[in-house]
$ cat upload_24.cif   # mmCIF, C-alpha atoms
data_upload
#
loop_
_atom_site.label_atom_id
_atom_site.label_comp_id
_atom_site.auth_asym_id
_atom_site.auth_seq_id
_atom_site.Cartn_x
_atom_site.Cartn_y
_atom_site.Cartn_z
CA MET A 1 16.15 -9.79 4.96
CA ALA A 2 14.97 -11.28 8.24
CA ALA A 3 11.60 -12.38 6.92
CA ASP A 4 9.55 -15.54 6.59
CA GLN A 5 8.09 -16.17 3.12
CA ARG A 6 4.58 -17.58 3.20
CA LYS A 7 1.44 -17.13 1.15
CA GLU A 8 -0.51 -15.98 4.17
CA PRO A 9 -0.25 -13.41 5.58
CA GLY A 10 2.48 -12.27 3.20
CA VAL A 11 6.16 -11.69 3.87
CA VAL A 12 6.50 -11.28 7.63
CA ILE A 13 9.32 -8.96 8.66
CA LYS A 14 10.46 -9.60 12.21
CA ASP A 15 10.70 -6.97 14.93
CA SER A 16 14.45 -7.51 15.05
CA TRP A 17 14.96 -6.46 11.41
CA SER A 18 17.01 -3.24 11.43
CA GLY A 19 17.02 -2.65 7.68
CA TYR A 20 19.82 -2.09 5.19
CA SER A 21 22.48 0.59 5.38
CA LEU A 22 21.57 3.63 3.31
CA GLU A 23 25.05 3.58 1.77
CA LEU A 24 24.15 0.41 -0.14
CA PHE A 25 21.44 2.17 -2.17
CA ASN A 26 20.83 5.23 -4.30
CA TYR A 27 18.29 7.68 -2.91
CA PRO A 28 17.62 11.42 -3.33
CA GLU A 29 20.46 13.48 -1.95
CA HIS A 30 18.05 16.00 -0.43
CA TYR A 31 16.94 13.35 2.08
CA ARG A 32 20.43 12.72 3.42
CA GLY A 33 20.21 12.66 7.24
CA ASP A 34 16.43 12.28 7.15
CA LEU A 35 16.35 8.46 7.00
CA GLU A 36 17.48 5.67 9.31
CA CYS A 37 17.69 2.81 6.81
CA VAL A 38 16.28 1.19 3.71
CA TYR A 39 13.65 -1.15 5.12
CA ILE A 40 12.34 -2.79 1.93
CA PRO A 41 14.32 -2.23 -1.31
CA HIS A 42 12.43 -1.34 -4.47
CA GLY A 43 13.38 -4.58 -6.21
CA VAL A 44 11.93 -6.66 -3.37
CA ILE A 45 8.71 -4.62 -3.51
CA MET A 46 8.36 -5.24 -7.24
CA ASN A 47 8.95 -8.97 -6.91
CA ARG A 48 6.33 -9.23 -4.19
CA ILE A 49 3.85 -7.29 -6.35
CA GLU A 50 4.31 -9.84 -9.14
CA CYS A 51 3.32 -12.56 -6.67
CA LEU A 52 0.25 -10.62 -5.54
CA ALA A 53 -0.79 -10.08 -9.17
CA ARG A 54 -0.49 -13.81 -9.78
CA ASP A 55 -2.69 -14.61 -6.78
CA ILE A 56 -5.29 -12.04 -7.82
CA LEU A 57 -5.45 -13.45 -11.34
CA GLU A 58 -5.91 -16.96 -9.96
CA ASP A 59 -8.87 -15.76 -7.88
CA ILE A 60 -10.71 -13.62 -10.42
CA GLY A 61 -10.19 -15.89 -13.42
CA HIS A 62 -11.42 -14.23 -16.62
CA HIS A 63 -13.67 -11.70 -14.90
CA ASP A 64 -13.15 -7.99 -15.47
CA LEU A 65 -11.80 -5.98 -12.56
CA MET A 66 -12.68 -2.61 -11.07
CA VAL A 67 -9.71 -1.27 -9.12
CA LEU A 68 -10.27 1.33 -6.41
CA CYS A 69 -6.97 3.03 -5.57
CA VAL A 70 -6.64 4.72 -2.17
CA LEU A 71 -4.66 7.92 -2.68
CA LYS A 72 -2.16 9.32 -2.23
CA GLY A 73 0.05 6.66 -0.71
CA GLY A 74 -1.36 3.86 -2.84
CA TYR A 75 -0.77 5.31 -6.29
CA LYS A 76 2.59 3.62 -7.00
CA PHE A 77 1.48 0.29 -5.56
CA CYS A 78 -1.74 0.45 -7.56
CA SER A 79 0.00 1.39 -10.79
CA ASP A 80 2.61 -1.35 -10.51
CA LEU A 81 0.06 -3.95 -9.38
CA VAL A 82 -2.34 -3.23 -12.25
CA GLU A 83 0.51 -3.30 -14.77
CA SER A 84 1.66 -6.66 -13.41
CA ILE A 85 -1.89 -8.06 -13.53
CA LYS A 86 -2.24 -6.93 -17.15
CA ALA A 87 1.17 -8.29 -18.15
CA GLN A 88 0.53 -11.67 -16.55
CA SER A 89 -2.95 -11.92 -18.07
CA ARG A 90 -1.45 -11.29 -21.53
CA SER A 91 1.23 -13.91 -20.94
CA ALA A 92 -1.48 -16.41 -19.98
CA ASN A 93 -3.50 -15.41 -23.07
CA ARG A 94 -6.37 -14.18 -20.90
CA ARG A 95 -8.70 -11.37 -21.83
CA LEU A 96 -8.96 -9.08 -18.83
CA THR A 97 -10.33 -5.55 -18.68
CA THR A 98 -9.29 -3.33 -15.78
CA ARG A 99 -10.63 0.08 -14.82
CA VAL A 100 -9.21 2.25 -12.07
CA GLU A 101 -11.09 4.72 -9.87
CA PHE A 102 -9.52 6.85 -7.13
CA ILE A 103 -10.48 7.75 -3.60
CA ARG A 104 -8.58 9.48 -0.81
CA PHE A 105 -8.62 9.40 2.98
CA LYS A 106 -7.07 12.04 5.21
CA SER A 107 -6.31 10.64 8.66
CA TYR A 108 -2.68 11.47 9.60
CA MET A 109 -1.06 14.49 11.23
CA ASN A 110 2.73 14.21 11.25
CA ASP A 111 3.32 10.54 12.26
CA GLN A 112 0.11 10.04 14.24
CA SER A 113 -3.20 8.67 13.05
CA THR A 114 -6.05 10.99 13.98
CA GLU A 115 -9.66 10.25 14.89
CA ASP A 116 -10.89 12.57 12.14
CA MET A 117 -11.07 10.73 8.85
CA HIS A 118 -12.45 12.24 5.68
CA ILE A 119 -13.26 10.54 2.38
CA ILE A 120 -12.17 12.68 -0.56
CA GLY A 121 -13.23 11.47 -3.97
CA PRO A 122 -16.24 10.67 -6.12
CA ASP A 123 -19.46 10.58 -4.12
CA ASP A 124 -21.09 8.39 -6.73
CA LEU A 125 -19.38 5.04 -7.21
CA SER A 126 -22.40 3.41 -8.82
CA VAL A 127 -20.02 2.12 -11.50
CA LEU A 128 -19.03 -0.51 -8.91
CA LYS A 129 -22.48 -2.11 -8.93
CA GLY A 130 -22.32 -5.77 -9.89
CA LYS A 131 -18.56 -5.59 -10.48
CA ASN A 132 -15.55 -7.42 -9.06
CA VAL A 133 -13.79 -4.73 -7.04
CA LEU A 134 -10.20 -4.70 -5.85
CA ILE A 135 -9.38 -2.03 -3.24
CA VAL A 136 -5.69 -1.18 -3.34
CA GLU A 137 -4.26 0.37 -0.18
CA ALA A 138 -0.60 1.03 0.57
CA ILE A 139 -0.67 0.50 4.32
CA VAL A 140 -3.04 -0.97 6.91
CA ASP A 141 -2.49 -0.48 10.65
CA THR A 142 -5.55 -0.14 12.87
CA GLY A 143 -7.78 -1.17 9.99
CA LYS A 144 -10.02 1.86 10.58
CA THR A 145 -9.57 3.22 7.06
CA MET A 146 -10.09 -0.19 5.48
CA ARG A 147 -13.29 -0.85 7.43
CA ALA A 148 -14.71 2.57 6.56
CA LEU A 149 -13.90 2.12 2.89
CA LEU A 150 -15.39 -1.38 2.76
CA GLN A 151 -18.62 -0.07 4.30
CA HIS A 152 -18.67 2.77 1.77
CA VAL A 153 -18.05 0.48 -1.20
CA GLU A 154 -20.65 -2.09 -0.11
CA THR A 155 -23.38 0.55 -0.38
CA PHE A 156 -22.87 0.48 -4.16
CA GLN A 157 -23.64 -3.28 -4.33
CA PRO A 158 -20.54 -4.72 -5.98
CA LYS A 159 -20.47 -8.38 -6.94
CA MET A 160 -17.27 -9.06 -4.99
CA VAL A 161 -14.81 -6.97 -3.00
CA LYS A 162 -11.20 -7.88 -2.29
CA VAL A 163 -8.49 -5.78 -0.63
CA ALA A 164 -4.80 -5.68 -1.51
CA GLY A 165 -2.53 -4.08 1.09
CA LEU A 166 1.16 -3.60 0.40
CA LEU A 167 2.04 -3.19 4.08
CA VAL A 168 0.26 -4.34 7.22
CA LYS A 169 1.64 -2.96 10.49
CA ARG A 170 1.69 -4.91 13.72
CA VAL A 171 0.21 -2.29 16.04
CA PRO A 172 -1.70 -2.44 19.33
CA HIS A 173 -5.37 -2.97 18.53
CA GLY A 174 -4.43 -3.59 14.92
CA ALA A 175 -6.70 -4.73 12.13
CA ALA A 176 -8.73 -7.76 13.21
CA GLU A 177 -8.78 -9.05 9.65
CA LEU A 178 -5.93 -8.91 7.18
CA PRO A 179 -6.44 -7.77 3.59
CA ASP A 180 -7.07 -10.58 1.11
CA TYR A 181 -3.67 -9.96 -0.49
CA VAL A 182 -0.80 -8.83 1.71
CA GLY A 183 2.61 -7.70 0.55
CA PHE A 184 4.54 -7.38 3.81
CA VAL A 185 3.67 -7.54 7.50
CA ILE A 186 5.98 -5.12 9.29
CA PRO A 187 6.71 -3.92 12.83
CA ASN A 188 5.16 -0.69 14.09
CA ARG A 189 7.70 1.67 12.55
CA PHE A 190 6.89 4.82 10.60
CA VAL A 191 7.98 4.16 7.03
CA VAL A 192 8.15 6.42 4.00
CA GLY A 193 8.89 6.06 0.33
CA TYR A 194 7.28 4.29 -2.61
CA ALA A 195 4.60 7.03 -2.44
CA LEU A 196 4.22 6.79 1.37
CA ASP A 197 4.77 10.23 2.84
CA TYR A 198 5.46 12.24 5.94
CA ASN A 199 3.57 15.52 5.50
CA GLU A 200 3.83 15.11 1.70
CA TYR A 201 7.60 14.53 1.70
CA PHE A 202 9.43 11.30 0.72
CA ARG A 203 6.92 10.16 -1.91
CA ASP A 204 9.76 10.35 -4.47
CA LEU A 205 11.78 7.60 -2.74
CA ASN A 206 11.78 4.31 -4.66
CA HIS A 207 12.59 2.23 -1.57
CA ILE A 208 10.52 1.94 1.59
CA CYS A 209 12.62 3.50 4.35
CA VAL A 210 12.38 4.30 8.05
CA ILE A 211 12.32 8.03 8.70
CA SER A 212 14.78 9.37 11.28
CA GLU A 213 13.89 11.63 14.20
CA THR A 214 15.81 14.37 12.39
CA GLY A 215 13.58 13.89 9.38
CA LYS A 216 10.43 14.03 11.50
CA GLN A 217 11.47 17.32 13.07
CA LYS A 218 12.64 18.78 9.76
CA TYR A 219 9.29 18.23 8.02
CA LYS A 220 6.95 18.55 10.98
CA VAL A 221 3.97 20.86 10.56
#
$ encode --input "upload_24.cif" --output "C-alpha cells"
Amino acid sequence: MAADQRKEPGVVIKDSWSGYSLELFNYPEHYRGDLECVYIPHGVIMNRIECLARDILEDIGHHDLMVLCVLKGGYKFCSDLVESIKAQSRSANRRLTTRVEFIRFKSYMNDQSTEDMHIIGPDDLSVLKGKNVLIVEAIVDTGKTMRALLQHVETFQPKMVKVAGLLVKRVPHGAAELPDYVGFVIPNRFVVGYALDYNEYFRDLNHICVISETGKQKYKV
C-alpha cells in the first residue's frame, strides 16, 4: 500500500493510492458493482488496531478504562480494539478492567455531512466521573462530532479523556487536532465497510472499500 508508517499521525495513505482490485478479495456478492476498490484490507486494519492497543496500554498503565463507543460506525473498531487491549494486558500480566458505554451521533445524509447533529444515547454519563475515558470513533473528518462529544464528556468530570480514531480524512477545514490514537489518515474519499455505512448499507463488509457512483445511486434515499 502506498503509505508511510509512523507513530504520529498514524499510517498516512497518499492521495495517489487507488486501492486494491476487488477481484483479489472476498466480499459479499450482493455488493458486486457497488464498490470501486478495497482501500484497506481487513488484515491491515487488525494489525493496526494491535498497534493502537499497545500504545493505549503504554499510556494508561495499570489504570482501569472507561470506553465510550460512538455508534454505529465505531462498533467493530471498538470491539476489536477493546479485545486487543485486554489480550495484550493479559500477556503482560497486567490487571486491567474495561467497561464500555455507547453513544450515537446522526450527522450524515447520503454521502454528505449535515449541519444538524444529534446525540443519541444515555443522557446521564455520570459513571465517567473521575475515570480514564477512551472515546472510540471510526472516522474523523471536520472534527465537528469529536469536538461536540469531547465537550459533552467533559461535563461529567472524567479524570482523563483520550480519543482513538480509526480513520482521519484529509478534508478542507478538517479537524484542527488529530485524535490521540490514529489508525489511518486517508484522502477525502467516501469509504464504507468495517461497520462504516452508506444509508445503513455496507456495514457487513470486512474490508474498508470505496463506494462506486453506482452504489451511491442504488442506495440513495
$ closest_residue --input "upload_24.cif" --among "A:Gly33, A:Pro172, A:Pro179, A:Pro187" --to "Lys14 in chain A" --atoms "only C-alpha atoms"
A:Pro187
$ resolve_selection --input "upload_24.cif" --expression "the PyMOL selection byres ((chain A and resi 130) around 8)" --output "compact mmCIF listing (two decimals) with C-alpha atoms, in the coordinates of the input"
# COMPACT_ATOMS: atom_id res chain seq x y z
CA LEU A 128 -19.03 -0.51 -8.91
CA LYS A 129 -22.48 -2.11 -8.93
CA LYS A 131 -18.56 -5.59 -10.48
CA ASN A 132 -15.55 -7.42 -9.06
CA GLN A 157 -23.64 -3.28 -4.33
CA PRO A 158 -20.54 -4.72 -5.98
CA LYS A 159 -20.47 -8.38 -6.94
CA MET A 160 -17.27 -9.06 -4.99
$ resolve_selection --input "upload_24.cif" --expression "the PyMOL selection byres ((chain A and resi 215) around 9)" --output "list in words"
Tyr31, Gly33, Asp34, Leu35, Tyr198, Ile211, Ser212, Glu213, Thr214, Lys216, Gln217, Lys218, Tyr219 and Lys220 of chain A
$ resolve_selection --input "upload_24.cif" --expression "the PyMOL selection byres ((chain A and resi 75) around 10)" --output "number ranges by chain"
A: 69-74, 76-81, 102, 136-138, 194-196
$ atom_distance --input "upload_24.cif" --atom1 "CA of Thr97 in chain A" --atom2 "CA of Gly143 in chain A"
29.1 Å
$ closest_residue --input "upload_24.cif" --among "A:Ser89, A:Ser126, A:Thr145, A:Ser21" --to "Arg104 in chain A" --atoms "all atoms listed in the file"
A:Thr145
$ residues_around --input "upload_24.cif" --residues "Val67 in chain A" --least-positions-apart "4" --cutoff "8 Å" --atoms "all atoms listed in the file" --output "PDB file with C-alpha atoms, keeping the file's coordinate frame"
ATOM      1  CA  THR A  98      -9.290  -3.330 -15.780  1.00  0.00           C
ATOM      2  CA  ARG A  99     -10.630   0.080 -14.820  1.00  0.00           C
ATOM      3  CA  VAL A 100      -9.210   2.250 -12.070  1.00  0.00           C
ATOM      4  CA  GLU A 101     -11.090   4.720  -9.870  1.00  0.00           C
ATOM      5  CA  VAL A 133     -13.790  -4.730  -7.040  1.00  0.00           C
ATOM      6  CA  LEU A 134     -10.200  -4.700  -5.850  1.00  0.00           C
ATOM      7  CA  ILE A 135      -9.380  -2.030  -3.240  1.00  0.00           C
ATOM      8  CA  VAL A 136      -5.690  -1.180  -3.340  1.00  0.00           C
TER       9      VAL A 136
END
$ atom_distance --input "upload_24.cif" --atom1 "CA of Ile139 in chain A" --atom2 "CA of Leu166 in chain A"
6.0 Å
$ residues_near_point --input "upload_24.cif" --point "(6.6, 2.2, 10.9)" --cutoff "12 Å" --atoms "only C-alpha atoms" --output "MDAnalysis selection string"
chainID A and resid 13 15 18:19 36:37 39:40 111:113 139:141 167:171 185:193 196:198 208:212
$ write_last_selection --input "upload_24.cif" --atoms "C-alpha atoms" --output "short mmCIF file (atom, residue, chain, number, x, y, z; two decimals), in the frame of the given file"
data_model
loop_
_atom_site.label_atom_id
_atom_site.label_comp_id
_atom_site.auth_asym_id
_atom_site.auth_seq_id
_atom_site.Cartn_x
_atom_site.Cartn_y
_atom_site.Cartn_z
CA ILE A 13 9.32 -8.96 8.66
CA ASP A 15 10.70 -6.97 14.93
CA SER A 18 17.01 -3.24 11.43
CA GLY A 19 17.02 -2.65 7.68
CA GLU A 36 17.48 5.67 9.31
CA CYS A 37 17.69 2.81 6.81
CA TYR A 39 13.65 -1.15 5.12
CA ILE A 40 12.34 -2.79 1.93
CA ASP A 111 3.32 10.54 12.26
CA GLN A 112 0.11 10.04 14.24
CA SER A 113 -3.20 8.67 13.05
CA ILE A 139 -0.67 0.50 4.32
CA VAL A 140 -3.04 -0.97 6.91
CA ASP A 141 -2.49 -0.48 10.65
CA LEU A 167 2.04 -3.19 4.08
CA VAL A 168 0.26 -4.34 7.22
CA LYS A 169 1.64 -2.96 10.49
CA ARG A 170 1.69 -4.91 13.72
CA VAL A 171 0.21 -2.29 16.04
CA VAL A 185 3.67 -7.54 7.50
CA ILE A 186 5.98 -5.12 9.29
CA PRO A 187 6.71 -3.92 12.83
CA ASN A 188 5.16 -0.69 14.09
CA ARG A 189 7.70 1.67 12.55
CA PHE A 190 6.89 4.82 10.60
CA VAL A 191 7.98 4.16 7.03
CA VAL A 192 8.15 6.42 4.00
CA GLY A 193 8.89 6.06 0.33
CA LEU A 196 4.22 6.79 1.37
CA ASP A 197 4.77 10.23 2.84
CA TYR A 198 5.46 12.24 5.94
CA ILE A 208 10.52 1.94 1.59
CA CYS A 209 12.62 3.50 4.35
CA VAL A 210 12.38 4.30 8.05
CA ILE A 211 12.32 8.03 8.70
CA SER A 212 14.78 9.37 11.28
#
$ closest_residue --input "upload_24.cif" --among "A:His173, A:Thr155, A:Thr142, A:Ile60" --to "Val127 in chain A" --atoms "all atoms listed in the file"
A:Thr155
$ closest_residue --input "upload_24.cif" --among "A:Val221, A:Val11, A:Leu57, A:Leu22" --to "Pro41 in chain A" --atoms "all atoms listed in the file"
A:Leu22
$ axis_aligned_box --input "upload_24.cif" --around "range 85-103 of chain A" --padding-each-side "4 Å" --output "JSON"
{"center_x": -4.9, "center_y": -4.3, "center_z": -13.3, "size_x": 20.3, "size_y": 32.2, "size_z": 27.5}
$ atom_distance --input "upload_24.cif" --atom1 "CA of Leu205 in chain A" --atom2 "CA of Gly165 in chain A"
18.9 Å
$ closest_residue --input "upload_24.cif" --among "A:Ile49, A:Ala87, A:Asn93, A:Val44" --to "His62 in chain A" --atoms "only C-alpha atoms"
A:Asn93
$ closest_residue --input "upload_24.cif" --among "A:Glu50, A:Leu96, A:Gly10, A:Leu125" --to "Phe156 in chain A" --atoms "only C-alpha atoms"
A:Leu125
